[in-house]
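A.B. asks: What follows is my_file26.cif, made up of mmCIF, C-alpha atoms:
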data_model
#
loop_
_atom_site.label_atom_id
_atom_site.label_comp_id
_atom_site.auth_asym_id
_atom_site.auth_seq_id
_atom_site.Cartn_x
_atom_site.Cartn_y
_atom_site.Cartn_z
CA PRO O 1 27.10 -1.60 -0.42
CA SER O 2 30.80 -2.17 0.01
CA VAL O 3 32.29 0.83 1.79
CA LYS O 4 34.61 2.78 -0.48
CA GLU O 5 37.55 4.48 1.18
CA PRO O 6 37.07 8.16 0.34
CA ALA O 7 39.96 10.54 -0.15
CA PHE O 8 39.99 14.28 0.48
CA ASN O 9 42.46 16.06 -1.77
CA GLY O 10 44.57 12.92 -1.70
CA MET O 11 44.15 12.54 2.08
CA SER O 12 43.00 9.15 3.39
CA VAL O 13 40.51 8.67 6.21
CA ASP O 14 43.35 7.39 8.43
CA ARG O 15 45.23 10.65 7.83
CA LEU O 16 42.02 12.58 8.58
CA ARG O 17 41.77 10.75 11.92
CA GLU O 18 45.36 11.74 12.76
CA LEU O 19 44.69 15.39 11.93
CA ALA O 20 41.53 15.40 14.01
CA HIS O 21 43.67 14.57 17.08
CA SER O 22 46.85 16.50 16.33
CA ALA O 23 46.04 19.55 14.18
CA ASP O 24 45.49 23.10 15.39
CA ARG O 25 41.70 22.96 15.31
CA MET O 26 40.90 26.55 14.44
CA LEU O 27 37.84 27.41 12.39
CA GLY O 28 39.01 27.80 8.82
CA ASN O 29 41.92 25.35 8.81
CA GLN O 30 39.77 22.20 8.66
CA PRO O 31 40.45 19.93 5.64
CA ASP O 32 38.31 20.22 2.52
CA PRO O 33 35.44 19.68 1.90
CA PHE O 34 34.33 20.04 5.53
CA ASP O 35 32.99 23.35 6.84
CA SER O 36 34.25 22.79 10.41
CA TRP O 37 36.15 20.40 12.66
CA PHE O 38 32.80 19.53 14.21
CA GLU O 39 31.73 18.05 10.85
CA VAL O 40 35.03 16.15 10.71
CA ASP O 41 34.39 14.62 14.15
CA VAL O 42 30.81 13.59 13.28
CA PHE O 43 31.95 12.16 9.93
CA LEU O 44 34.65 10.04 11.62
CA LYS O 45 32.25 8.86 14.33
CA ILE O 46 29.81 7.55 11.69
CA THR O 47 32.53 6.20 9.39
CA ASN O 48 34.13 4.30 12.28
CA ARG O 49 30.95 2.22 12.48
CA GLY O 50 31.38 1.06 8.90
CA TYR O 51 28.84 3.30 7.20
CA GLN O 52 29.42 4.88 3.81
CA VAL O 53 29.34 8.65 4.31
CA PHE O 54 29.63 11.44 1.74
CA PRO O 55 30.51 14.89 3.19
CA GLN O 56 29.17 18.10 1.64
CA TYR O 57 26.74 16.17 -0.57
CA THR O 58 25.47 18.29 -3.47
CA VAL O 59 21.79 17.59 -4.14
CA ASN O 60 21.55 19.86 -7.18
CA PRO O 61 24.77 20.15 -9.23
CA TYR O 62 23.43 23.37 -10.77
CA ASP O 63 22.80 25.08 -7.42
CA ARG O 64 25.57 24.67 -4.84
CA THR O 65 23.37 26.14 -2.11
CA TYR O 66 21.55 22.80 -1.97
CA ARG O 67 24.30 20.99 -0.12
CA ILE O 68 23.97 18.71 2.89
CA ASP O 69 26.71 18.48 5.54
CA MET O 70 26.90 14.71 5.01
CA VAL O 71 24.76 11.87 3.68
CA VAL O 72 24.83 8.26 4.90
CA ILE O 73 24.10 5.91 2.01
CA GLY O 74 22.96 2.28 2.06
CA MET O 75 21.37 -0.19 -0.32
CA ALA O 76 17.82 0.84 0.65
CA GLY O 77 18.16 4.60 0.91
CA MET O 78 19.96 7.68 2.19
CA LEU O 79 19.81 9.83 5.32
CA ALA O 80 20.93 13.45 5.54
CA VAL O 81 22.97 14.50 8.60
CA GLU O 82 23.25 18.20 9.45
CA CYS O 83 25.70 19.54 12.05
CA ASP O 84 24.50 22.55 14.06
CA GLY O 85 27.72 24.02 15.44
CA ASP O 86 28.05 26.49 18.30
CA PHE O 87 29.19 29.25 15.93
CA TRP O 88 26.06 31.36 15.34
CA HIS O 89 25.63 32.63 11.79
CA GLY O 90 22.63 34.79 12.61
CA PRO O 91 18.85 34.42 12.25
CA ALA O 92 18.91 35.03 8.48
CA GLN O 93 21.24 32.08 7.88
CA TYR O 94 19.24 29.89 10.29
CA ASP O 95 15.96 30.71 8.49
CA SER O 96 17.64 30.01 5.14
CA ASP O 97 18.91 26.62 6.36
CA MET O 98 15.46 25.64 7.67
CA ALA O 99 13.78 26.72 4.42
CA ARG O 100 16.27 24.63 2.44
CA GLN O 101 15.63 21.63 4.69
CA ARG O 102 11.85 21.96 4.30
CA GLU O 103 12.20 22.07 0.51
CA LEU O 104 14.38 18.95 0.53
CA GLU O 105 11.99 17.17 2.90
CA ARG O 106 9.17 17.82 0.43
CA CYS O 107 11.36 16.11 -2.16
CA GLY O 108 11.64 13.01 0.04
CA TRP O 109 14.84 13.70 2.02
CA GLU O 110 14.95 12.86 5.71
CA PHE O 111 17.22 14.73 8.13
CA PHE O 112 19.01 14.00 11.38
CA ARG O 113 20.43 17.07 13.12
CA VAL O 114 23.16 16.93 15.76
CA ARG O 115 24.13 19.90 17.93
CA GLY O 116 27.72 20.73 18.70
CA GLY O 117 27.16 21.29 22.43
CA ALA O 118 25.33 17.98 22.88
CA PHE O 119 27.90 16.12 20.75
CA TYR O 120 30.91 17.32 22.73
CA ARG O 121 29.19 16.73 26.07
CA ASP O 122 28.52 13.07 25.22
CA GLN O 123 29.20 11.86 21.69
CA ASP O 124 27.58 8.45 22.15
CA THR O 125 24.36 9.89 23.56
CA ALA O 126 24.17 12.61 20.89
CA LEU O 127 24.29 10.03 18.10
CA ASP O 128 22.40 7.23 19.85
CA SER O 129 19.10 7.90 18.04
CA LEU O 130 20.96 8.14 14.70
CA TRP O 131 21.87 4.43 14.76
CA GLY O 132 18.25 3.46 15.37
CA LEU O 133 17.05 5.77 12.60
CA LEU O 134 19.55 4.28 10.13
CA LYS O 135 18.47 0.76 11.04
CA GLN O 136 14.80 1.75 10.72
CA ARG O 137 15.53 3.07 7.22
CA GLU O 138 17.42 -0.18 6.42
CA ILE O 139 20.74 1.63 5.99
CA PHE O 140 23.34 -0.74 7.38
CA PRO O 141 27.13 -0.62 7.89
CA GLU O 142 29.50 -2.78 5.92
CA GLY O 143 29.27 -6.46 6.89
CA TYR O 144 25.77 -6.23 8.37
CA GLY O 145 23.77 -9.36 7.52
CA LEU O 146 20.86 -9.03 5.13
CA GLN O 147 17.69 -9.45 7.16
CA THR O 148 14.34 -11.05 6.55
CA LYS O 149 11.32 -10.61 8.79
CA ASN O 150 12.53 -12.98 11.53
CA SER O 151 16.15 -13.90 10.96
CA VAL O 152 19.48 -13.14 9.37
CA VAL O 153 19.98 -14.66 5.92
CA VAL O 154 22.99 -16.94 5.77
CA ALA O 155 24.32 -18.28 2.49
CA PRO O 156 23.62 -22.04 2.38
CA ALA O 157 26.56 -24.41 2.39
CA ILE O 158 27.27 -26.02 -0.98
CA SER O 159 27.17 -29.82 -0.82
CA SER O 160 29.83 -31.88 -2.54
CA SER O 161 27.32 -33.09 -5.13
CA THR O 162 26.27 -29.52 -5.92
CA SER O 163 29.89 -28.48 -6.05
CA ASP O 164 30.66 -31.27 -8.52
CA LYS O 165 27.77 -30.23 -10.73
CA THR O 166 28.96 -26.64 -10.63
CA GLU O 167 32.50 -27.60 -11.54
CA ASN O 168 31.24 -29.74 -14.43
CA LYS O 169 28.93 -26.87 -15.47
CA THR O 170 26.01 -29.28 -15.84
CA PRO O 171 22.84 -27.31 -16.65
CA GLN O 172 20.13 -27.70 -13.99
CA CYS O 173 16.72 -28.42 -15.54
CA ARG O 174 13.52 -27.55 -13.68
CA THR O 175 9.97 -28.53 -14.38
CA GLU O 176 7.30 -25.92 -15.03
CA SER O 177 5.74 -26.64 -11.64
CA SER O 178 9.04 -26.13 -9.80
CA ARG O 179 9.60 -22.86 -11.67
CA ALA O 180 6.10 -21.68 -10.73
CA ALA O 181 6.69 -22.65 -7.09
CA SER O 182 9.99 -20.78 -7.08
CA VAL O 183 8.41 -17.65 -8.58
CA SER O 184 5.61 -17.86 -6.00
CA GLU O 185 8.14 -18.11 -3.17
CA GLU O 186 10.11 -15.13 -4.51
CA LYS O 187 6.94 -13.02 -4.71
CA GLN O 188 6.04 -14.03 -1.16
CA GLU O 189 9.51 -12.99 0.06
CA GLU O 190 9.11 -9.62 -1.69
CA LYS O 191 5.76 -9.06 0.01
CA GLU O 192 6.87 -9.94 3.53
CA PRO O 193 8.82 -6.75 4.34
CA VAL O 194 5.78 -4.62 3.43
CA GLN O 195 3.70 -6.39 6.07
CA LYS O 196 5.96 -5.54 9.01
CA VAL O 197 3.73 -2.75 10.35
CA ASP O 198 0.00 -2.86 11.01
CA LYS O 199 -0.90 0.69 10.05
CA ARG O 200 -3.76 0.99 12.52
CA ASN O 201 -2.12 -0.80 15.42
CA LEU O 202 0.43 1.66 16.81
CA SER O 203 0.28 1.60 20.60
CA PRO O 204 0.09 4.87 22.60
CA ALA O 205 3.56 4.11 24.02
CA GLU O 206 5.01 3.79 20.50
CA ILE O 207 3.37 7.05 19.44
CA GLN O 208 4.59 8.95 22.53
CA THR O 209 8.14 7.63 22.10
CA SER O 210 8.07 8.64 18.45
CA ILE O 211 6.86 12.17 19.29
CA LEU O 212 9.61 12.68 21.89
CA GLY O 213 12.22 11.35 19.46
CA ILE O 214 11.03 13.71 16.71
CA LEU O 215 11.13 16.72 19.03
CA SER O 216 14.61 15.87 20.33
CA ASN O 217 15.99 16.02 16.77
CA ARG O 218 14.19 19.24 15.73
CA PRO O 219 15.67 22.75 15.88
CA ASN O 220 14.75 24.24 19.27
CA ASN O 221 13.11 20.86 20.06
CA SER O 222 9.93 22.31 18.54
CA ILE O 223 7.41 21.44 15.82
CA ALA O 224 4.05 22.72 14.55
CA VAL O 225 1.10 20.74 15.93
CA LYS O 226 -0.32 20.29 12.44
CA SER O 227 2.91 18.57 11.35
CA ILE O 228 3.04 16.01 14.18
CA THR O 229 0.94 13.34 12.44
CA THR O 230 2.98 13.54 9.22
CA GLU O 231 6.28 13.24 11.11
CA VAL O 232 5.11 10.32 13.29
CA LEU O 233 3.87 8.38 10.25
CA LYS O 234 7.14 9.08 8.43
CA ALA O 235 9.18 7.92 11.45
CA GLN O 236 7.12 4.71 11.66
CA GLY O 237 7.36 4.05 7.91
CA ILE O 238 3.59 4.29 7.42
CA VAL O 239 1.98 5.55 4.22
CA THR O 240 -1.79 5.89 4.49
CA ARG O 241 -4.66 8.25 3.77
CA GLY O 242 -8.40 8.63 4.20
CA VAL O 243 -10.14 7.03 7.19
CA PRO O 244 -7.07 5.09 8.50
CA ARG O 245 -5.04 8.30 8.56
CA ARG O 246 -7.80 10.19 10.37
CA GLU O 247 -7.97 7.41 12.97
CA LEU O 248 -4.21 7.58 13.47
CA ASP O 249 -4.38 11.36 13.70
CA LYS O 250 -6.88 11.07 16.59
CA LYS O 251 -4.62 8.58 18.40
CA ILE O 252 -1.59 10.82 17.90
CA MET O 253 -3.45 13.89 19.22
CA ARG O 254 -4.53 11.89 22.29
CA SER O 255 -0.91 10.86 22.91
CA LEU O 256 0.10 14.52 22.53
CA SER O 257 -2.39 15.45 25.26
CA VAL O 258 -1.01 12.73 27.53
CA LEU O 259 2.55 14.06 27.10
CA LYS O 260 1.33 17.59 27.93
CA ARG O 261 -0.38 16.32 31.11
CA GLN O 262 2.83 14.52 32.04
CA LYS O 263 4.65 17.86 31.56
CA LYS O 264 7.09 16.29 29.10
CA ILE O 265 6.08 18.78 26.40
CA GLU O 266 4.36 22.15 26.30
CA GLU O 267 2.23 23.90 23.70
CA TYR O 268 2.83 27.52 22.76
CA LYS O 269 1.85 30.03 20.11
CA ALA O 270 4.27 31.37 17.48
CA LYS O 271 3.20 31.85 13.86
CA ASN O 272 1.10 28.74 14.49
CA ASN O 273 0.33 26.37 17.33
CA ARG O 274 3.52 24.51 18.26
CA VAL O 275 4.78 22.07 20.88
CA ARG O 276 8.27 21.69 22.33
CA LEU O 277 10.12 19.60 24.88
CA LYS O 278 9.96 21.03 28.38
CA CYS O 279 13.32 21.89 29.91
#
Could you write out this structure as structure tokens?
C.D. replies:
Amino acid sequence: PSVKEPAFNGMSVDRLRELAHSADRMLGNQPDPFDSWFEVDVFLKITNRGYQVFPQYTVNPYDRTYRIDMVVIGMAGMLAVECDGDFWHGPAQYDSDMARQRELERCGWEFFRVRGGAFYRDQDTALDSLWGLLKQREIFPEGYGLQTKNSVVVAPAISSSTSDKTENKTPQCRTESSRAASVSEEKQEEKEPVQKVDKRNLSPAEIQTSILGILSNRPNNSIAVKSITTEVLKAQGIVTRGVPRRELDKKIMRSLSVLKRQKKIEEYKAKNNRVRLKC
């Protein structure tokens, strides 16, 4: 979609950029609706790339507790971005935030979390996986070419004869066979994007990369073992069940074992069996 220039209490994004560099950045004096200057910095970093971003997005207008720090919106979907600042609100608030996220994930939301320490150490590295995730979800910045399976779609040039016909508003008649062929081509184009991924053909390398990426974006870089398959399939855009899912589950568990042998992750016991990135 065309990026709309948001305004915050009459303040433009350009003015927000100026304040981010010149204001006294104390907690509490950040501009509305942001909860911190950290959120302002992440918002500007994403906006500068041409994405349409809505800060403090209210999921449920009747319950203001269901708010997301910011949501990146495109033609094909939305992605929630949560900012984990260095200011610690206590275990109760953390548990509440995680419970809210799990509820929203069950409703179809997908989250990307960025930590304040990592962001201010290296902003580009902290958000590097975000750009890939947005592209994977077909959420593109303004001006990004619409894509088919193999190429960028470019509007065809209008010939002089076509232009003349358009100017004269001459109706274009088509035979039944040409209409049928056109409809068939349109249906084929609609089907092509669905066939991008062979659901049973993920390589071990792809699975291992996906697992490491999922862990790097999780709180405490940790996840329950029983949730790994669901998260990998979601990250790869795969929807399946029955025998194909069980086959994929076996492949994912084998990749998990490989990562443990390589000492890239470790398994531990909390309320359930979990794995986390090794320091």
A.B. asks: Can you tell me how far CA of Gly28 (chain O) sits from CA of Trp109 (chain O), in Å to one decimal?
C.D. replies: 28.8 Å
A.B. asks: Please provide as a ChimeraX atom specification all residues within 12 Å of Ala126 (chain O), with the sequence filter that same-chain residues fewer than 2 positions apart are discarded (counting all atoms listed in the file).
C.D. replies: /O:42,45-46,83,112-124,128-131,216-217
A.B. asks: In Å, with one decimal, what is the gap from CA of Asp24 (chain O) to CA of Leu127 (chain O)?
C.D. replies: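 Atom-to-atom, CA of Asp24 (chain O) to CA of Leu127 (chain O), that is 25.1 Å.
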A.B. asks: Just want the 10 Å neighbourhood of Val239 (chain O), counted on only C-alpha atoms, with same-chain residues fewer than 4 positions away dropped. Output as a ChimeraX atom specification.
C.D. replies: /O:199,230,233-234,245
A.B. asks: Suppose a student applies the PyMOL selection byres ((chain O and resi 35) around 12) to this structure; what residues should they get, written as a list in words?
C.D. replies: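 Those residues are Met26, Leu27, Gly28, Asn29, Gln30, Pro31, Asp32, Pro33, Phe34, Ser36, Trp37, Phe38, Glu39, Val40, Asp41, Val42, Phe43, Pro55, Gln56, Arg67, Ile68, Asp69, Met70, Glu82, Cys83, Asp84, Gly85 and Phe87 of chain O.
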A.B. asks: Name all residues at most 12 Å from Thr209 (chain O) (count only C-alpha atoms; drop same-chain ones fewer than 4 positions away) and give them as a PDB file with C-alpha atoms, in the frame of the given file.
C.D. replies:
ATOM      1  CA  SER O 129      19.100   7.900  18.040  1.00  0.00           C
ATOM      2  CA  LEU O 202       0.430   1.660  16.810  1.00  0.00           C
ATOM      3  CA  SER O 203       0.280   1.600  20.600  1.00  0.00           C
ATOM      4  CA  PRO O 204       0.090   4.870  22.600  1.00  0.00           C
ATOM      5  CA  ALA O 205       3.560   4.110  24.020  1.00  0.00           C
ATOM      6  CA  GLY O 213      12.220  11.350  19.460  1.00  0.00           C
ATOM      7  CA  ILE O 214      11.030  13.710  16.710  1.00  0.00           C
ATOM      8  CA  LEU O 215      11.130  16.720  19.030  1.00  0.00           C
ATOM      9  CA  SER O 216      14.610  15.870  20.330  1.00  0.00           C
ATOM     10  CA  VAL O 232       5.110  10.320  13.290  1.00  0.00           C
ATOM     11  CA  ALA O 235       9.180   7.920  11.450  1.00  0.00           C
ATOM     12  CA  GLN O 236       7.120   4.710  11.660  1.00  0.00           C
ATOM     13  CA  ILE O 252      -1.590  10.820  17.900  1.00  0.00           C
ATOM     14  CA  SER O 255      -0.910  10.860  22.910  1.00  0.00           C
ATOM     15  CA  LEU O 256       0.100  14.520  22.530  1.00  0.00           C
ATOM     16  CA  VAL O 258      -1.010  12.730  27.530  1.00  0.00           C
ATOM     17  CA  LEU O 259       2.550  14.060  27.100  1.00  0.00           C
ATOM     18  CA  LYS O 264       7.090  16.290  29.100  1.00  0.00           C
TER      19      LYS O 264
END
A.B. asks: Identify all residues satisfying the PyMOL selection byres ((chain O and resi 140) around 10) in the given file; provide them as an mmCIF file with C-alpha atoms, keeping the file's coordinate frame.
C.D. replies:
data_model
loop_
_atom_site.group_PDB
_atom_site.id
_atom_site.type_symbol
_atom_site.label_atom_id
_atom_site.label_comp_id
_atom_site.auth_asym_id
_atom_site.auth_seq_id
_atom_site.Cartn_x
_atom_site.Cartn_y
_atom_site.Cartn_z
ATOM 1 C CA PRO O 1 27.100 -1.600 -0.420
ATOM 2 C CA ARG O 49 30.950 2.220 12.480
ATOM 3 C CA GLY O 50 31.380 1.060 8.900
ATOM 4 C CA TYR O 51 28.840 3.300 7.200
ATOM 5 C CA GLN O 52 29.420 4.880 3.810
ATOM 6 C CA VAL O 72 24.830 8.260 4.900
ATOM 7 C CA ILE O 73 24.100 5.910 2.010
ATOM 8 C CA GLY O 74 22.960 2.280 2.060
ATOM 9 C CA MET O 75 21.370 -0.190 -0.320
ATOM 10 C CA ALA O 76 17.820 0.840 0.650
ATOM 11 C CA GLY O 77 18.160 4.600 0.910
ATOM 12 C CA TRP O 131 21.870 4.430 14.760
ATOM 13 C CA LEU O 134 19.550 4.280 10.130
ATOM 14 C CA LYS O 135 18.470 0.760 11.040
ATOM 15 C CA GLN O 136 14.800 1.750 10.720
ATOM 16 C CA ARG O 137 15.530 3.070 7.220
ATOM 17 C CA GLU O 138 17.420 -0.180 6.420
ATOM 18 C CA ILE O 139 20.740 1.630 5.990
ATOM 19 C CA PRO O 141 27.130 -0.620 7.890
ATOM 20 C CA GLU O 142 29.500 -2.780 5.920
ATOM 21 C CA GLY O 143 29.270 -6.460 6.890
ATOM 22 C CA TYR O 144 25.770 -6.230 8.370
ATOM 23 C CA GLY O 145 23.770 -9.360 7.520
ATOM 24 C CA LEU O 146 20.860 -9.030 5.130
#
